[in-house]
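J.: Please see the structure below; I have some questions.
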Amino acid sequence: MLETILNRAEAGETLSRADALSLLAIQNGSADYYRLLGIANRDSRRRFDGKGVIFAQIGIEASPCPANCAFCSLAEDAFDPANRFALPLAQVEKTVRELTAAGLVDDMFLMTTASFSQEEFLRYGAAVKKLLPEGMRLVANVGDFDLSYAKKLKETGFTGVYHIRRLGEGVDTRLDPAARIRTLDAVKEAGLSLYYCVEPIGPEHSYDEIADEIFRAKDYPVEVMAVMKRVCVPGTKLFSRGEISAAELAKICAVTSLCVKPVRAMGVHEPDELCLMSGANQIYAEVSVNPRDVSLCTETSRGASLERTAQLLKAAEWAVR
């Protein structure tokens with residue numbers, strides 16, 4: 001049975017949810033494990049023509065977020081209100097100029113907590129859009145919103161939205177899973193590109209849960225897909241649950257890539273060479289705050305620089321522009 005599924009994956013055939021579950025159950029380190037990673041690697045390199053992709057994300061503000069995600073450094077229960085800040089627009093503009101100057105960035109992301117003013121975010125977006133090179137995509141990473149706001153994002157110049165129904169949504173977060181789905185629907189109806197991710201994957205999450213999010217992405221569909229492991233952030237409620245291994249993340253990355261077959265990019269957090277040889281070709285350079293980092297300047301801590309992202313991609317023999 002498994003041999004048949006691997007043969008079908010190698011032939012580029014469409015995989016079912018049952019196929020995905022069989023592949024996810026492969027023992028890490030086995031011969032089938034490395035065959036799976038190799039199949040995903042070859043498939044992605046053909047699909048993406050050997051090209052690596054770098055996205056840049058700027059955290060516009062930091063505040064105790066009411067979503068209170070139990071894995072996030074910005075959660076109400078974890079974030080020190082004394083560290084609250086919002087980057088001045090001029091500083092965001094300066095950072096955008098610096099990030100785009102190197103000619104390495106494909107898409108520019110702006111991120112806020114769930115409580116940040118929607119109207120203020122549009123003001124930042126409009127200013128950033130004017131600075132982007134022709135053809136560069138502008139992507140919003142914000143809280144839930146309705147169709148009316150989705151249309152405003154598009155009118156402002158945003159081309160896409162990063163939004164997900166997280167693993168453990170409504171249990172490890174204060175957010176309503178149904179509201180997350182409504183936002184996904186609004187993104188699609190407004191004609192914005194949806195950027196999706198299976199995240200934040202922890203040791204306690206079942207393959208059934210992971211498969212649900214893999215195939216949710218297929219239903220929309222998405223051009224950019226990703227997988228992300230949960231990082232043990234000191235001070236967060238889920239710190240004690242631990243993290244999945246790099247080998248496990250690479251397997252999930254391979255299965256996700258083969259099932260979804262995103263046409264633009266397959267991303268991974270945290271990036272490493274193993275995942276970049278297992279179907280992933282996209283990683284982030286991050287500036288300012290990062291939900292996986294206690295530093296308010298993640299570019300000096302967990303967040304990779306443009307130079308580091310380019311080095312990682314080149315090490316895995318992905319071409320960067």
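Ordered as shown in the structure tokens, chains take letters A, B, and onward, while each chain numbers its residues from 1 and ligands are numbered from 1 in the order shown.
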With only C-alpha atoms counted and 9 Å as the cut-off, give the residues of range 15-56 of chain A in contact with range 249-272 of chain A, each with its shortest interatomic distance in Å and the pair that gives it, as JSON lines.
T.:
```
{"residue": "A:Leu15", "atom": "CA", "partner": "A:Cys259", "partner_atom": "CA", "distance": 5.6}
{"residue": "A:Ser16", "atom": "CA", "partner": "A:Cys259", "partner_atom": "CA", "distance": 7.6}
{"residue": "A:Arg17", "atom": "CA", "partner": "A:Cys259", "partner_atom": "CA", "distance": 8.4}
{"residue": "A:Asp19", "atom": "CA", "partner": "A:Cys259", "partner_atom": "CA", "distance": 8.9}
{"residue": "A:Ala20", "atom": "CA", "partner": "A:Val255", "partner_atom": "CA", "distance": 6.4}
{"residue": "A:Leu21", "atom": "CA", "partner": "A:Val255", "partner_atom": "CA", "distance": 9.0}
{"residue": "A:Leu23", "atom": "CA", "partner": "A:Val255", "partner_atom": "CA", "distance": 6.7}
{"residue": "A:Leu24", "atom": "CA", "partner": "A:Ile252", "partner_atom": "CA", "distance": 6.5}
{"residue": "A:Ile26", "atom": "CA", "partner": "A:Lys251", "partner_atom": "CA", "distance": 8.5}
{"residue": "A:Asn28", "atom": "CA", "partner": "A:Lys251", "partner_atom": "CA", "distance": 7.7}
{"residue": "A:Tyr33", "atom": "CA", "partner": "A:Lys251", "partner_atom": "CA", "distance": 7.4}
{"residue": "A:Tyr34", "atom": "CA", "partner": "A:Lys251", "partner_atom": "CA", "distance": 9.0}
{"residue": "A:Leu36", "atom": "CA", "partner": "A:Ala254", "partner_atom": "CA", "distance": 6.9}
{"residue": "A:Leu37", "atom": "CA", "partner": "A:Ala254", "partner_atom": "CA", "distance": 5.7}
{"residue": "A:Gly38", "atom": "CA", "partner": "A:Ala254", "partner_atom": "CA", "distance": 8.6}
{"residue": "A:Ile39", "atom": "CA", "partner": "A:Ala254", "partner_atom": "CA", "distance": 8.1}
{"residue": "A:Ala40", "atom": "CA", "partner": "A:Ala254", "partner_atom": "CA", "distance": 5.2}
{"residue": "A:Asn41", "atom": "CA", "partner": "A:Ala254", "partner_atom": "CA", "distance": 7.6}
{"residue": "A:Asp43", "atom": "CA", "partner": "A:Leu258", "partner_atom": "CA", "distance": 7.5}
{"residue": "A:Ser44", "atom": "CA", "partner": "A:Ser257", "partner_atom": "CA", "distance": 7.5}
{"residue": "A:Arg47", "atom": "CA", "partner": "A:Val263", "partner_atom": "CA", "distance": 6.9}
{"residue": "A:Phe48", "atom": "CA", "partner": "A:Arg264", "partner_atom": "CA", "distance": 6.9}
{"residue": "A:Gly52", "atom": "CA", "partner": "A:Ala265", "partner_atom": "CA", "distance": 8.1}
{"residue": "A:Val53", "atom": "CA", "partner": "A:Ala265", "partner_atom": "CA", "distance": 6.9}
```
J.: Only C-alpha atoms, please: the residues just picked out, written as a short mmCIF file (atom, residue, chain, number, x, y, z; two decimals), in the first residue's frame.
T.:
```
data_model
loop_
_atom_site.label_atom_id
_atom_site.label_comp_id
_atom_site.auth_asym_id
_atom_site.auth_seq_id
_atom_site.Cartn_x
_atom_site.Cartn_y
_atom_site.Cartn_z
CA LEU A 15 -2.93 12.42 -3.36
CA SER A 16 -5.97 11.86 -1.13
CA ARG A 17 -6.34 12.57 2.56
CA ASP A 19 -2.68 8.93 1.21
CA ALA A 20 -1.44 11.88 3.25
CA LEU A 21 -2.13 10.06 6.53
CA LEU A 23 2.77 9.19 4.33
CA LEU A 24 2.73 11.12 7.61
CA ILE A 26 6.15 6.80 7.85
CA ASN A 28 11.39 8.94 10.57
CA TYR A 33 11.23 8.38 4.93
CA TYR A 34 14.19 9.38 2.77
CA LEU A 36 9.47 10.54 0.57
CA LEU A 37 11.78 13.51 1.14
CA GLY A 38 13.53 12.84 -2.15
CA ILE A 39 10.26 12.67 -4.09
CA ALA A 40 9.08 15.98 -2.58
CA ASN A 41 12.44 17.58 -3.28
CA ASP A 43 8.77 17.58 -7.36
CA SER A 44 9.30 21.06 -5.87
CA ARG A 47 7.53 22.97 -10.07
CA PHE A 48 9.53 26.01 -8.94
CA GLY A 52 14.25 29.93 -4.08
CA VAL A 53 11.93 32.62 -2.72
#
```
J.: Running DSSP on the backbone, which parts of range 21-215 of chain A land in strand (DSSP E), as JSON, numbers by chain?
T.: {"A": [53, 54, 55, 56, 57, 58, 59, 61, 62, 85, 86, 107, 108, 109, 110, 111, 137, 138, 139, 140, 141, 160, 161, 162, 193, 194, 195, 198, 199, 200, 201]}
J.: For the selection just defined, write its residues with N, CA and C atoms to a file, as a PDB file, in the first residue's frame.
T.:
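See again_2.pdb below for the written result:
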```pdb
ATOM      1  N   VAL A  53      12.746  31.420  -2.905  1.00  0.00           N
ATOM      2  CA  VAL A  53      11.931  32.621  -2.724  1.00  0.00           C
ATOM      3  C   VAL A  53      12.144  33.176  -1.316  1.00  0.00           C
ATOM      4  N   ILE A  54      12.318  34.498  -1.224  1.00  0.00           N
ATOM      5  CA  ILE A  54      12.498  35.170   0.065  1.00  0.00           C
ATOM      6  C   ILE A  54      11.353  36.158   0.273  1.00  0.00           C
ATOM      7  N   PHE A  55      10.671  36.024   1.392  1.00  0.00           N
ATOM      8  CA  PHE A  55       9.661  36.995   1.816  1.00  0.00           C
ATOM      9  C   PHE A  55      10.234  37.790   2.981  1.00  0.00           C
ATOM     10  N   ALA A  56       9.880  39.067   3.068  1.00  0.00           N
ATOM     11  CA  ALA A  56      10.280  39.905   4.194  1.00  0.00           C
ATOM     12  C   ALA A  56       9.044  40.294   4.989  1.00  0.00           C
ATOM     13  N   GLN A  57       9.155  40.281   6.313  1.00  0.00           N
ATOM     14  CA  GLN A  57       8.030  40.676   7.155  1.00  0.00           C
ATOM     15  C   GLN A  57       8.478  41.691   8.202  1.00  0.00           C
ATOM     16  N   ILE A  58       7.685  42.750   8.323  1.00  0.00           N
ATOM     17  CA  ILE A  58       7.943  43.791   9.315  1.00  0.00           C
ATOM     18  C   ILE A  58       6.833  43.747  10.365  1.00  0.00           C
ATOM     19  N   GLY A  59       7.225  43.570  11.617  1.00  0.00           N
ATOM     20  CA  GLY A  59       6.258  43.653  12.716  1.00  0.00           C
ATOM     21  C   GLY A  59       6.041  45.112  13.065  1.00  0.00           C
ATOM     22  N   GLU A  61       3.856  46.591  15.155  1.00  0.00           N
ATOM     23  CA  GLU A  61       3.616  46.980  16.547  1.00  0.00           C
ATOM     24  C   GLU A  61       3.629  45.763  17.461  1.00  0.00           C
ATOM     25  N   ALA A  62       3.820  46.036  18.742  1.00  0.00           N
ATOM     26  CA  ALA A  62       3.809  45.011  19.778  1.00  0.00           C
ATOM     27  C   ALA A  62       2.936  45.492  20.920  1.00  0.00           C
ATOM     28  N   PHE A  85       4.830  49.025  21.825  1.00  0.00           N
ATOM     29  CA  PHE A  85       5.280  50.080  20.915  1.00  0.00           C
ATOM     30  C   PHE A  85       4.611  49.910  19.560  1.00  0.00           C
ATOM     31  N   ALA A  86       4.616  50.985  18.784  1.00  0.00           N
ATOM     32  CA  ALA A  86       4.224  50.945  17.375  1.00  0.00           C
ATOM     33  C   ALA A  86       5.286  51.692  16.600  1.00  0.00           C
ATOM     34  N   ASP A 107       8.141  39.140  -1.828  1.00  0.00           N
ATOM     35  CA  ASP A 107       6.889  39.641  -1.262  1.00  0.00           C
ATOM     36  C   ASP A 107       7.188  40.371   0.045  1.00  0.00           C
ATOM     37  N   MET A 108       6.439  41.464   0.305  1.00  0.00           N
ATOM     38  CA  MET A 108       6.609  42.242   1.524  1.00  0.00           C
ATOM     39  C   MET A 108       5.378  42.049   2.418  1.00  0.00           C
ATOM     40  N   PHE A 109       5.598  41.611   3.661  1.00  0.00           N
ATOM     41  CA  PHE A 109       4.525  41.368   4.619  1.00  0.00           C
ATOM     42  C   PHE A 109       4.551  42.444   5.708  1.00  0.00           C
ATOM     43  N   LEU A 110       3.367  42.890   6.105  1.00  0.00           N
ATOM     44  CA  LEU A 110       3.213  43.776   7.260  1.00  0.00           C
ATOM     45  C   LEU A 110       2.380  43.041   8.301  1.00  0.00           C
ATOM     46  N   MET A 111       2.886  42.967   9.536  1.00  0.00           N
ATOM     47  CA  MET A 111       2.228  42.190  10.582  1.00  0.00           C
ATOM     48  C   MET A 111       1.863  43.057  11.776  1.00  0.00           C
ATOM     49  N   ARG A 137       4.764  41.953  -4.406  1.00  0.00           N
ATOM     50  CA  ARG A 137       3.478  41.748  -3.741  1.00  0.00           C
ATOM     51  C   ARG A 137       3.506  42.306  -2.326  1.00  0.00           C
ATOM     52  N   LEU A 138       2.361  42.824  -1.881  1.00  0.00           N
ATOM     53  CA  LEU A 138       2.204  43.353  -0.528  1.00  0.00           C
ATOM     54  C   LEU A 138       1.172  42.500   0.204  1.00  0.00           C
ATOM     55  N   VAL A 139       1.551  41.963   1.358  1.00  0.00           N
ATOM     56  CA  VAL A 139       0.735  40.967   2.043  1.00  0.00           C
ATOM     57  C   VAL A 139       0.439  41.406   3.469  1.00  0.00           C
ATOM     58  N   ALA A 140      -0.812  41.239   3.891  1.00  0.00           N
ATOM     59  CA  ALA A 140      -1.245  41.597   5.243  1.00  0.00           C
ATOM     60  C   ALA A 140      -1.247  40.370   6.144  1.00  0.00           C
ATOM     61  N   ASN A 141      -0.739  40.544   7.364  1.00  0.00           N
ATOM     62  CA  ASN A 141      -0.778  39.498   8.384  1.00  0.00           C
ATOM     63  C   ASN A 141      -1.377  40.136   9.628  1.00  0.00           C
ATOM     64  N   GLY A 160      -2.357  40.207  -1.160  1.00  0.00           N
ATOM     65  CA  GLY A 160      -2.641  38.947  -0.496  1.00  0.00           C
ATOM     66  C   GLY A 160      -2.721  39.092   1.005  1.00  0.00           C
ATOM     67  N   VAL A 161      -3.115  37.989   1.651  1.00  0.00           N
ATOM     68  CA  VAL A 161      -3.276  37.951   3.104  1.00  0.00           C
ATOM     69  C   VAL A 161      -2.750  36.614   3.624  1.00  0.00           C
ATOM     70  N   TYR A 162      -1.942  36.679   4.685  1.00  0.00           N
ATOM     71  CA  TYR A 162      -1.549  35.470   5.403  1.00  0.00           C
ATOM     72  C   TYR A 162      -2.580  35.259   6.500  1.00  0.00           C
ATOM     73  N   SER A 193      -4.951  37.023  -2.770  1.00  0.00           N
ATOM     74  CA  SER A 193      -4.262  35.732  -2.680  1.00  0.00           C
ATOM     75  C   SER A 193      -4.179  35.310  -1.220  1.00  0.00           C
ATOM     76  N   LEU A 194      -4.496  34.058  -0.949  1.00  0.00           N
ATOM     77  CA  LEU A 194      -4.411  33.521   0.406  1.00  0.00           C
ATOM     78  C   LEU A 194      -3.090  32.785   0.582  1.00  0.00           C
ATOM     79  N   TYR A 195      -2.355  33.171   1.627  1.00  0.00           N
ATOM     80  CA  TYR A 195      -1.118  32.485   2.011  1.00  0.00           C
ATOM     81  C   TYR A 195      -1.464  31.616   3.217  1.00  0.00           C
ATOM     82  N   VAL A 198       0.257  25.228   7.769  1.00  0.00           N
ATOM     83  CA  VAL A 198      -0.111  24.299   8.843  1.00  0.00           C
ATOM     84  C   VAL A 198       0.749  24.678  10.039  1.00  0.00           C
ATOM     85  N   GLU A 199       0.119  25.234  11.068  1.00  0.00           N
ATOM     86  CA  GLU A 199       0.887  25.742  12.208  1.00  0.00           C
ATOM     87  C   GLU A 199      -0.001  26.035  13.402  1.00  0.00           C
ATOM     88  N   PRO A 200       0.571  26.153  14.596  1.00  0.00           N
ATOM     89  CA  PRO A 200       1.952  25.860  14.962  1.00  0.00           C
ATOM     90  C   PRO A 200       2.035  24.392  15.424  1.00  0.00           C
ATOM     91  N   ILE A 201       2.760  23.572  14.704  1.00  0.00           N
ATOM     92  CA  ILE A 201       2.764  22.131  14.923  1.00  0.00           C
ATOM     93  C   ILE A 201       3.579  21.781  16.165  1.00  0.00           C
TER      94      ILE A 201
END
```
J.: Give me, as a list in words, all polymer residues having an atom no more than 7 Å from range 93-96 of chain A, counting only C-alpha atoms and skipping those fewer than 4 positions away in the same chain.
T.: Leu89, Thr100 and Val128 of chain A
J.: Which of range 168-247 of chain A end up as helix (DSSP H, G or I) when DSSP is run on this backbone - answer as a PDB file with C-alpha atoms, in the first residue's frame?
T.:
```
ATOM      1  CA  PRO A 177     -12.420  28.932  14.684  1.00  0.00           C
ATOM      2  CA  ALA A 178     -15.539  29.894  12.711  1.00  0.00           C
ATOM      3  CA  ALA A 179     -14.358  33.520  12.601  1.00  0.00           C
ATOM      4  CA  ARG A 180     -11.035  32.377  11.183  1.00  0.00           C
ATOM      5  CA  ILE A 181     -12.869  30.535   8.396  1.00  0.00           C
ATOM      6  CA  ARG A 182     -15.043  33.575   7.671  1.00  0.00           C
ATOM      7  CA  THR A 183     -11.887  35.639   7.192  1.00  0.00           C
ATOM      8  CA  LEU A 184     -10.446  33.022   4.838  1.00  0.00           C
ATOM      9  CA  ASP A 185     -13.664  33.208   2.834  1.00  0.00           C
ATOM     10  CA  ALA A 186     -13.515  37.019   2.769  1.00  0.00           C
ATOM     11  CA  VAL A 187      -9.959  36.905   1.420  1.00  0.00           C
ATOM     12  CA  LYS A 188     -11.026  34.585  -1.373  1.00  0.00           C
ATOM     13  CA  GLU A 189     -14.203  36.530  -2.231  1.00  0.00           C
ATOM     14  CA  TYR A 207      -1.795  13.571  11.866  1.00  0.00           C
ATOM     15  CA  ASP A 208      -5.564  13.873  11.454  1.00  0.00           C
ATOM     16  CA  GLU A 209      -5.405  17.481  12.646  1.00  0.00           C
ATOM     17  CA  ILE A 210      -2.474  18.205  10.362  1.00  0.00           C
ATOM     18  CA  ALA A 211      -4.227  16.611   7.385  1.00  0.00           C
ATOM     19  CA  ASP A 212      -7.297  18.777   8.029  1.00  0.00           C
ATOM     20  CA  GLU A 213      -5.243  21.933   7.484  1.00  0.00           C
ATOM     21  CA  ILE A 214      -3.336  20.518   4.515  1.00  0.00           C
ATOM     22  CA  PHE A 215      -6.584  19.823   2.713  1.00  0.00           C
ATOM     23  CA  ARG A 216      -8.224  23.060   3.838  1.00  0.00           C
ATOM     24  CA  ALA A 217      -5.515  24.817   1.835  1.00  0.00           C
ATOM     25  CA  LYS A 218      -6.363  22.696  -1.208  1.00  0.00           C
ATOM     26  CA  ASP A 219     -10.014  23.691  -0.927  1.00  0.00           C
ATOM     27  CA  PHE A 239       6.519  26.185  26.561  1.00  0.00           C
ATOM     28  CA  SER A 240       6.515  22.917  28.512  1.00  0.00           C
ATOM     29  CA  ARG A 241       4.988  20.884  25.681  1.00  0.00           C
ATOM     30  CA  ALA A 246      13.632  18.820  12.454  1.00  0.00           C
ATOM     31  CA  ALA A 247      13.139  15.369  10.933  1.00  0.00           C
TER      32      ALA A 247
END
```
J.: Can you tell me how far CA of Arg165 in chain A sits from CA of Tyr124 in chain A, in Å to one decimal?
T.: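 Those two atoms sit 25.3 Å apart.
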J.: For Ile244 in chain A, find every residue with an atom within 9 Å (counting only C-alpha atoms), except residues of its own chain fewer than 5 positions away, and show them as a PyMOL selection string.
T.: chain A and resi 201-203+229-231+249
J.: Identify, on the basis of only C-alpha atoms, every residue whose closest approach to Leu312 in chain A does not exceed 9 Å; exclude the query and any residue fewer than 4 positions from it along the same chain; express the result as a list in words.
T.: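 Once the adjacent positions are removed, what remains is Pro271, Asp272, Glu273, Leu276, Ile283, Glu307, Arg308, Ala316, Glu317 and Trp318 of chain A.
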J.: With C-alpha atoms retained, export the selected residues as a short mmCIF file (atom, residue, chain, number, x, y, z; two decimals), in the first residue's frame.
T.:
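Contents of out.cif, as written:
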```cif
data_model
loop_
_atom_site.label_atom_id
_atom_site.label_comp_id
_atom_site.auth_asym_id
_atom_site.auth_seq_id
_atom_site.Cartn_x
_atom_site.Cartn_y
_atom_site.Cartn_z
CA PRO A 271 14.08 27.05 8.12
CA ASP A 272 16.91 24.55 7.83
CA GLU A 273 18.69 22.68 5.07
CA LEU A 276 14.87 22.92 2.01
CA ILE A 283 11.86 31.40 3.89
CA GLU A 307 21.79 37.61 3.84
CA ARG A 308 21.11 34.59 6.06
CA ALA A 316 20.34 23.76 -0.40
CA GLU A 317 21.09 24.64 -4.05
CA TRP A 318 18.07 26.87 -4.63
#
```
J.: Name the closest residue to Ala90 in chain A among the candidates A:Val222, A:Ala67, A:Ala127, A:Leu6; distances are taken between atoms, counting only C-alpha atoms.
T.: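 Under the stated criterion, the closest residue is A:Ala127.
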